[in-house]
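Novice: Input data14.pdb, format and content: PDB, C-alpha atoms.
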```pdb
ATOM      1  CA  MET A   1     102.485 112.829 162.954  1.00  0.00           C
ATOM      2  CA  ILE A   2     103.969 110.089 160.779  1.00  0.00           C
ATOM      3  CA  ASP A   3     107.720 109.525 161.007  1.00  0.00           C
ATOM      4  CA  ARG A   4     109.598 111.006 158.004  1.00  0.00           C
ATOM      5  CA  GLU A   5     111.124 107.701 156.863  1.00  0.00           C
ATOM      6  CA  LEU A   6     107.812 105.900 157.193  1.00  0.00           C
ATOM      7  CA  LYS A   7     106.092 108.676 155.244  1.00  0.00           C
ATOM      8  CA  ARG A   8     108.707 108.366 152.465  1.00  0.00           C
ATOM      9  CA  SER A   9     108.176 104.604 152.348  1.00  0.00           C
ATOM     10  CA  LEU A  10     104.386 104.910 152.241  1.00  0.00           C
ATOM     11  CA  GLY A  11     104.779 107.589 149.562  1.00  0.00           C
ATOM     12  CA  GLN A  12     106.352 105.022 147.236  1.00  0.00           C
ATOM     13  CA  MET A  13     103.074 103.120 147.046  1.00  0.00           C
ATOM     14  CA  MET A  14     101.561 103.545 143.611  1.00  0.00           C
ATOM     15  CA  LYS A  15      97.770 103.549 143.417  1.00  0.00           C
ATOM     16  CA  GLY A  16      95.132 103.908 140.736  1.00  0.00           C
ATOM     17  CA  VAL A  17      93.344 107.272 140.553  1.00  0.00           C
ATOM     18  CA  GLN A  18      89.578 107.461 140.744  1.00  0.00           C
ATOM     19  CA  VAL A  19      87.080 110.271 141.182  1.00  0.00           C
ATOM     20  CA  VAL A  20      84.287 109.627 143.671  1.00  0.00           C
ATOM     21  CA  GLY A  21      81.013 111.488 143.208  1.00  0.00           C
ATOM     22  CA  SER A  22      77.754 111.789 145.078  1.00  0.00           C
ATOM     23  CA  ALA A  23      74.542 113.814 144.936  1.00  0.00           C
ATOM     24  CA  LEU A  24      71.852 114.786 147.414  1.00  0.00           C
ATOM     25  CA  ASP A  25      68.992 117.283 147.185  1.00  0.00           C
ATOM     26  CA  GLY A  26      70.335 118.900 144.017  1.00  0.00           C
ATOM     27  CA  VAL A  27      73.910 119.257 145.315  1.00  0.00           C
ATOM     28  CA  GLU A  28      76.667 117.316 143.527  1.00  0.00           C
ATOM     29  CA  ARG A  29      80.301 116.915 144.501  1.00  0.00           C
ATOM     30  CA  LEU A  30      83.243 114.926 143.185  1.00  0.00           C
ATOM     31  CA  TYR A  31      86.727 114.398 144.594  1.00  0.00           C
ATOM     32  CA  THR A  32      89.893 112.681 143.388  1.00  0.00           C
ATOM     33  CA  SER A  33      90.982 109.675 145.388  1.00  0.00           C
ATOM     34  CA  HIS A  34      93.564 106.957 145.260  1.00  0.00           C
ATOM     35  CA  TRP A  35      91.964 105.350 148.290  1.00  0.00           C
ATOM     36  CA  VAL A  36      89.225 103.370 146.560  1.00  0.00           C
ATOM     37  CA  CYS A  37      89.727  99.636 146.232  1.00  0.00           C
ATOM     38  CA  GLN A  38      88.012  96.329 145.577  1.00  0.00           C
ATOM     39  CA  VAL A  39      87.785  94.361 148.815  1.00  0.00           C
ATOM     40  CA  SER A  40      86.161  91.066 147.770  1.00  0.00           C
ATOM     41  CA  PHE A  41      86.549  88.482 145.008  1.00  0.00           C
ATOM     42  CA  GLU A  42      83.218  86.778 145.696  1.00  0.00           C
ATOM     43  CA  GLU A  43      81.056  89.924 145.647  1.00  0.00           C
ATOM     44  CA  PRO A  44      81.427  93.260 143.818  1.00  0.00           C
ATOM     45  CA  ILE A  45      82.386  95.189 146.965  1.00  0.00           C
ATOM     46  CA  VAL A  46      84.514  98.351 147.056  1.00  0.00           C
ATOM     47  CA  MET A  47      85.741 100.537 149.880  1.00  0.00           C
ATOM     48  CA  ALA A  48      86.209 104.312 149.684  1.00  0.00           C
ATOM     49  CA  SER A  49      88.123 106.208 152.362  1.00  0.00           C
ATOM     50  CA  VAL A  50      86.697 109.723 152.838  1.00  0.00           C
ATOM     51  CA  SER A  51      87.545 112.517 155.256  1.00  0.00           C
ATOM     52  CA  PRO A  52      84.548 113.856 157.202  1.00  0.00           C
ATOM     53  CA  LYS A  53      85.998 117.320 156.455  1.00  0.00           C
ATOM     54  CA  HIS A  54      85.435 116.860 152.711  1.00  0.00           C
ATOM     55  CA  ASP A  55      82.314 118.424 151.179  1.00  0.00           C
ATOM     56  CA  THR A  56      81.409 115.104 149.525  1.00  0.00           C
ATOM     57  CA  HIS A  57      81.213 113.249 152.850  1.00  0.00           C
ATOM     58  CA  PRO A  58      77.703 114.419 153.906  1.00  0.00           C
ATOM     59  CA  LEU A  59      76.377 113.569 150.434  1.00  0.00           C
ATOM     60  CA  LEU A  60      77.616 109.978 150.751  1.00  0.00           C
ATOM     61  CA  VAL A  61      76.131 109.702 154.232  1.00  0.00           C
ATOM     62  CA  GLY A  62      72.788 111.245 153.240  1.00  0.00           C
ATOM     63  CA  SER A  63      72.281 109.523 149.895  1.00  0.00           C
ATOM     64  CA  GLY A  64      73.862 106.158 150.671  1.00  0.00           C
ATOM     65  CA  ARG A  65      75.296 106.101 147.137  1.00  0.00           C
ATOM     66  CA  PHE A  66      78.383 107.131 145.231  1.00  0.00           C
ATOM     67  CA  SER A  67      79.959 106.816 141.817  1.00  0.00           C
ATOM     68  CA  VAL A  68      83.529 105.900 140.957  1.00  0.00           C
ATOM     69  CA  SER A  69      85.156 107.133 137.745  1.00  0.00           C
ATOM     70  CA  VAL A  70      88.346 105.215 136.890  1.00  0.00           C
ATOM     71  CA  LEU A  71      90.652 107.770 135.258  1.00  0.00           C
ATOM     72  CA  ALA A  72      92.759 107.097 132.171  1.00  0.00           C
ATOM     73  CA  GLY A  73      96.399 108.121 131.911  1.00  0.00           C
ATOM     74  CA  ASP A  74      95.508 111.160 129.807  1.00  0.00           C
ATOM     75  CA  GLN A  75      93.143 112.546 132.480  1.00  0.00           C
ATOM     76  CA  VAL A  76      95.681 114.246 134.763  1.00  0.00           C
ATOM     77  CA  GLU A  77      93.871 117.572 134.310  1.00  0.00           C
ATOM     78  CA  GLN A  78      90.601 116.082 135.561  1.00  0.00           C
ATOM     79  CA  GLY A  79      92.388 114.331 138.411  1.00  0.00           C
ATOM     80  CA  GLN A  80      94.084 117.556 139.436  1.00  0.00           C
ATOM     81  CA  TYR A  81      90.878 119.582 139.178  1.00  0.00           C
ATOM     82  CA  PHE A  82      88.894 117.284 141.455  1.00  0.00           C
ATOM     83  CA  SER A  83      91.779 116.908 143.919  1.00  0.00           C
ATOM     84  CA  TYR A  84      90.977 120.381 145.262  1.00  0.00           C
ATOM     85  CA  PRO A  85      87.714 121.278 146.984  1.00  0.00           C
ATOM     86  CA  GLY A  86      85.264 122.323 144.293  1.00  0.00           C
ATOM     87  CA  ARG A  87      84.453 125.551 146.084  1.00  0.00           C
ATOM     88  CA  ARG A  88      88.026 126.685 145.482  1.00  0.00           C
ATOM     89  CA  PHE A  89      87.460 126.506 141.723  1.00  0.00           C
ATOM     90  CA  ARG A  90      83.798 127.554 142.041  1.00  0.00           C
ATOM     91  CA  HIS A  91      82.767 124.412 140.106  1.00  0.00           C
ATOM     92  CA  ILE A  92      83.795 125.979 136.763  1.00  0.00           C
ATOM     93  CA  ALA A  93      84.767 122.835 134.839  1.00  0.00           C
ATOM     94  CA  ASP A  94      81.349 121.502 133.845  1.00  0.00           C
ATOM     95  CA  GLU A  95      82.931 119.989 130.731  1.00  0.00           C
ATOM     96  CA  PHE A  96      84.560 117.353 132.961  1.00  0.00           C
ATOM     97  CA  VAL A  97      81.243 116.177 134.430  1.00  0.00           C
ATOM     98  CA  SER A  98      78.689 113.751 133.067  1.00  0.00           C
ATOM     99  CA  HIS A  99      76.002 111.699 134.839  1.00  0.00           C
ATOM    100  CA  ILE A 100      75.176 108.032 135.247  1.00  0.00           C
ATOM    101  CA  ASP A 101      72.116 106.872 137.173  1.00  0.00           C
ATOM    102  CA  GLY A 102      71.690 110.320 138.756  1.00  0.00           C
ATOM    103  CA  LEU A 103      75.271 110.498 140.016  1.00  0.00           C
ATOM    104  CA  PRO A 104      78.034 112.808 138.772  1.00  0.00           C
ATOM    105  CA  VAL A 105      80.965 111.125 137.014  1.00  0.00           C
ATOM    106  CA  VAL A 106      84.031 112.246 135.084  1.00  0.00           C
ATOM    107  CA  ALA A 107      83.331 112.246 131.358  1.00  0.00           C
ATOM    108  CA  ASP A 108      85.441 110.039 129.058  1.00  0.00           C
ATOM    109  CA  SER A 109      86.836 107.818 131.831  1.00  0.00           C
ATOM    110  CA  ILE A 110      87.954 104.198 131.530  1.00  0.00           C
ATOM    111  CA  SER A 111      84.860 102.996 133.399  1.00  0.00           C
ATOM    112  CA  TRP A 112      82.253 104.042 135.936  1.00  0.00           C
ATOM    113  CA  LEU A 113      80.813 102.250 138.939  1.00  0.00           C
ATOM    114  CA  VAL A 114      77.549 102.995 140.725  1.00  0.00           C
ATOM    115  CA  CYS A 115      77.824 101.932 144.359  1.00  0.00           C
ATOM    116  CA  GLU A 116      75.340 101.538 147.221  1.00  0.00           C
ATOM    117  CA  ILE A 117      76.772 101.905 150.707  1.00  0.00           C
ATOM    118  CA  PHE A 118      75.977  99.115 153.174  1.00  0.00           C
ATOM    119  CA  ASP A 119      78.472  99.866 155.956  1.00  0.00           C
ATOM    120  CA  ARG A 120      80.570 102.723 157.313  1.00  0.00           C
ATOM    121  CA  ASP A 121      83.473 102.441 159.720  1.00  0.00           C
ATOM    122  CA  THR A 122      85.084 105.485 161.342  1.00  0.00           C
ATOM    123  CA  ARG A 123      88.840 105.065 161.644  1.00  0.00           C
ATOM    124  CA  PHE A 124      91.200 107.813 162.728  1.00  0.00           C
ATOM    125  CA  ASP A 125      90.754 110.832 160.406  1.00  0.00           C
ATOM    126  CA  HIS A 126      88.704 109.072 157.685  1.00  0.00           C
ATOM    127  CA  ASP A 127      85.491 107.112 157.309  1.00  0.00           C
ATOM    128  CA  LEU A 128      85.606 103.863 155.352  1.00  0.00           C
ATOM    129  CA  PHE A 129      82.504 103.404 153.200  1.00  0.00           C
ATOM    130  CA  PHE A 130      81.857  99.818 152.104  1.00  0.00           C
ATOM    131  CA  ALA A 131      79.599  99.571 149.091  1.00  0.00           C
ATOM    132  CA  ARG A 132      78.171  97.074 146.643  1.00  0.00           C
ATOM    133  CA  VAL A 133      78.733  97.878 142.980  1.00  0.00           C
ATOM    134  CA  VAL A 134      75.204  97.785 141.557  1.00  0.00           C
ATOM    135  CA  SER A 135      76.048  98.784 137.995  1.00  0.00           C
ATOM    136  CA  THR A 136      79.005  99.533 135.798  1.00  0.00           C
ATOM    137  CA  VAL A 137      79.526 101.230 132.474  1.00  0.00           C
ATOM    138  CA  THR A 138      82.682 100.771 130.442  1.00  0.00           C
ATOM    139  CA  GLY A 139      84.170 103.686 128.581  1.00  0.00           C
ATOM    140  CA  ARG A 140      87.733 103.610 127.304  1.00  0.00           C
ATOM    141  CA  ILE A 141      88.365 100.249 128.982  1.00  0.00           C
ATOM    142  CA  GLY A 142      91.527  99.505 126.928  1.00  0.00           C
ATOM    143  CA  GLU A 143      93.342 102.682 127.988  1.00  0.00           C
ATOM    144  CA  PRO A 144      96.133 102.560 130.562  1.00  0.00           C
ATOM    145  CA  PRO A 145      94.975 103.918 133.930  1.00  0.00           C
ATOM    146  CA  LEU A 146      96.272 106.984 135.732  1.00  0.00           C
ATOM    147  CA  LEU A 147      98.365 106.250 138.819  1.00  0.00           C
ATOM    148  CA  TYR A 148      99.531 108.381 141.740  1.00  0.00           C
ATOM    149  CA  SER A 149     102.207 108.246 144.402  1.00  0.00           C
ATOM    150  CA  SER A 150     102.735 111.053 146.909  1.00  0.00           C
ATOM    151  CA  ARG A 151     106.499 110.810 146.308  1.00  0.00           C
ATOM    152  CA  LEU A 152     106.483 110.300 142.534  1.00  0.00           C
ATOM    153  CA  GLY A 153     103.339 112.199 141.539  1.00  0.00           C
ATOM    154  CA  TRP A 154     101.108 111.379 138.559  1.00  0.00           C
ATOM    155  CA  ARG A 155     102.084 108.396 136.381  1.00  0.00           C
ATOM    156  CA  VAL A 156     100.633 106.280 133.591  1.00  0.00           C
ATOM    157  CA  THR A 157     100.954 102.517 133.574  1.00  0.00           C
ATOM    158  CA  GLY A 158     103.507 101.105 131.200  1.00  0.00           C
ATOM    159  CA  GLY A 159     103.914  97.785 129.510  1.00  0.00           C
ATOM    160  CA  PRO A 160     103.763  94.359 131.119  1.00  0.00           C
ATOM    161  CA  ALA A 161     106.160  93.568 133.972  1.00  0.00           C
ATOM    162  CA  ARG A 162     107.017  90.145 132.518  1.00  0.00           C
ATOM    163  CA  GLU A 163     107.516  88.606 129.103  1.00  0.00           C
ATOM    164  CA  LYS A 164     104.490  87.106 127.386  1.00  0.00           C
ATOM    165  CA  GLY A 165     104.354  83.374 128.090  1.00  0.00           C
ATOM    166  CA  ASP A 166     106.623  83.663 131.144  1.00  0.00           C
ATOM    167  CA  SER A 167     104.797  82.352 134.177  1.00  0.00           C
ATOM    168  CA  VAL A 168     106.433  82.815 137.554  1.00  0.00           C
ATOM    169  CA  ARG A 169     103.602  80.772 139.023  1.00  0.00           C
ATOM    170  CA  ASP A 170     104.367  77.824 136.711  1.00  0.00           C
ATOM    171  CA  ARG A 171     108.074  77.941 137.624  1.00  0.00           C
ATOM    172  CA  LEU A 172     107.221  77.947 141.331  1.00  0.00           C
ATOM    173  CA  LEU A 173     104.823  75.007 140.898  1.00  0.00           C
ATOM    174  CA  GLU A 174     107.594  73.078 139.102  1.00  0.00           C
ATOM    175  CA  ARG A 175     109.955  73.753 142.000  1.00  0.00           C
ATOM    176  CA  LEU A 176     107.290  72.598 144.432  1.00  0.00           C
ATOM    177  CA  GLU A 177     106.859  69.305 142.525  1.00  0.00           C
ATOM    178  CA  GLN A 178     110.632  68.732 142.688  1.00  0.00           C
ATOM    179  CA  HIS A 179     110.547  69.031 146.479  1.00  0.00           C
ATOM    180  CA  ASP A 180     107.701  66.564 146.957  1.00  0.00           C
TER
END
```
Could I get this file's structure written as structure tokens?
Specialist:
Amino acid sequence: MIDRELKRSLGQMMKGVQVVGSALDGVERLYTSHWVCQVSFEEPIVMASVSPKHDTHPLLVGSGRFSVSVLAGDQVEQGQYFSYPGRRFRHIADEFVSHIDGLPVVADSISWLVCEIFDRDTRFDHDLFFARVVSTVTGRIGEPPLLYSSRLGWRVTGGPAREKGDSVRDRLLERLEQHD
């Protein structure tokens, strides 16, 4: 069990919200995650952390593929829907689902990725699936993304964190030149 203070600190971490989908032998499943991330600058590689207890897990293992739908700030309902096991809702929200390259995705998202798994690493209570992004489709790419924190809940990104034209990097490089 994670220490309470540590859990509160980890809960402050804000992450983008995605929905991961997979399909195998006519069965489709999607789940909401904030544990999908890009892991390489040189190659289009992403990592998805998935519990073996989740009903999507065997579909990822069996098919070797998954989709990622990047949710927009106005898609809290979709994010909430897919954050519960589909069997609980009896898969009643077909209006949220579309398809790209044979994989289920969330309709009207910011963008969609089609990923092919090349490695899987079992760590603690989750499996880490490493995958190459083999195609992407942009949707509402200019929309602010949906974010989530276990302490703060659902959020939408705001404006820039710094003034336009203000470069912290440039100021630090100037300081570095003064010390040389």
Novice: Can you tell me, as a list in words, what residues are no more than 10 Å from A:Gly16 when counting only C-alpha atoms, ignoring any on the same chain fewer than 4 positions away?
Specialist: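 My reading of the contact set: Ser33, His34, Trp35, Val36, Cys37, Val70, Leu71, Ala72, Gly73, Pro145, Leu146, Leu147, Tyr148, Ser149, Trp154, Arg155, Val156 and Thr157 of chain A.
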Novice: Hey, can you spit out that residue selection with C-alpha atoms as a JSON list (two decimals), in the frame of the given file?
Specialist:
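Writing the result to out21.json gives the following:
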```
[["chain", "number", "residue", "atom", "x", "y", "z"],
["A", 33, "SER", "CA", 90.98, 109.68, 145.39],
["A", 34, "HIS", "CA", 93.56, 106.96, 145.26],
["A", 35, "TRP", "CA", 91.96, 105.35, 148.29],
["A", 36, "VAL", "CA", 89.22, 103.37, 146.56],
["A", 37, "CYS", "CA", 89.73, 99.64, 146.23],
["A", 70, "VAL", "CA", 88.35, 105.22, 136.89],
["A", 71, "LEU", "CA", 90.65, 107.77, 135.26],
["A", 72, "ALA", "CA", 92.76, 107.10, 132.17],
["A", 73, "GLY", "CA", 96.40, 108.12, 131.91],
["A", 145, "PRO", "CA", 94.98, 103.92, 133.93],
["A", 146, "LEU", "CA", 96.27, 106.98, 135.73],
["A", 147, "LEU", "CA", 98.36, 106.25, 138.82],
["A", 148, "TYR", "CA", 99.53, 108.38, 141.74],
["A", 149, "SER", "CA", 102.21, 108.25, 144.40],
["A", 154, "TRP", "CA", 101.11, 111.38, 138.56],
["A", 155, "ARG", "CA", 102.08, 108.40, 136.38],
["A", 156, "VAL", "CA", 100.63, 106.28, 133.59],
["A", 157, "THR", "CA", 100.95, 102.52, 133.57]]
```
Novice: Taking into account only C-alpha atoms, which residue in the set A:Ala131, A:Leu10, A:Leu30, A:Val76 is nearest to A:Arg151?
Specialist: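 For A:Arg151, the nearest of the given residues is A:Leu10.
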Novice: Between atom CA of A:Ile2 and atom CA of A:His126, measure the distance and give it in Å to one decimal.
Specialist: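 Between these atoms lies a distance of 15.6 Å.
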Novice: Would you write out, as a tab-separated table, a table of all residues in stretch 130-161 of chain A that have an atom no more than 6 Å from an atom of stretch 105-125 of chain A, listing for each the closest atom pair and the distance in Å to one decimal, considering all atoms listed in the file and ordering rows by chain and rising residue number?
Specialist:
```
residue	atom	partner	partner_atom	distance
A:Phe130	CA	A:Asp119	CA	5.1
A:Ala131	CA	A:Ile117	CA	4.0
A:Arg132	CA	A:Glu116	CA	5.3
A:Val133	CA	A:Cys115	CA	4.4
A:Val134	CA	A:Cys115	CA	5.6
A:Ser135	CA	A:Val114	CA	5.2
A:Thr136	CA	A:Leu113	CA	4.5
A:Val137	CA	A:Trp112	CA	5.2
A:Thr138	CA	A:Ser111	CA	4.3
A:Gly139	CA	A:Ile110	CA	4.8
A:Arg140	CA	A:Ile110	CA	4.3
A:Ile141	CA	A:Ile110	CA	4.7
```
Novice: Using all atoms listed in the file, pick whichever of A:Gly102, A:Asp74, A:Gln38, A:Val20 has the shortest atom-to-atom distance to A:Thr56.
Specialist: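 Among A:Gly102, A:Asp74, A:Gln38, A:Val20, it is A:Val20 that comes nearest to A:Thr56.
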Novice: Restricting the calculation to only C-alpha atoms, which member of A:Arg29, A:Phe129, A:His54, A:Gly62 is positioned closest to A:Asp94?
Specialist: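 The shortest atom-to-atom distance to A:Asp94 comes from A:Arg29.
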Novice: Atom CA of A:Gly79 and atom CA of A:Arg8, how far apart in Å?
Specialist: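 Atom CA of A:Gly79 lies at a distance of 22.3 Å from atom CA of A:Arg8.
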Novice: Considering all atoms listed in the file, state which residue in the set A:Gly26, A:Ser67, A:Glu174, A:Asp180 is at the smallest distance from A:Val46.
Specialist: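 Between A:Gly26, A:Ser67, A:Glu174, A:Asp180, the residue approaching A:Val46 most closely is A:Ser67.
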Novice: Of the candidates A:Glu5, A:Glu77, A:Asp55, A:Glu42, which shows the shortest atom-to-atom distance to A:Leu24, using only C-alpha atoms?
Specialist: A:Asp55
Novice: To one decimal place, how far is atom CA of A:Gly21 from atom CA of A:Pro44 in Å?
Specialist: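 Those two atoms sit 18.2 Å apart.
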Novice: Taking all atoms listed in the file into account, which of A:Leu59, A:Leu176, A:Ala161, A:Val19 comes nearest A:Val97?
Specialist: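 Under the stated criterion, the closest residue is A:Val19.
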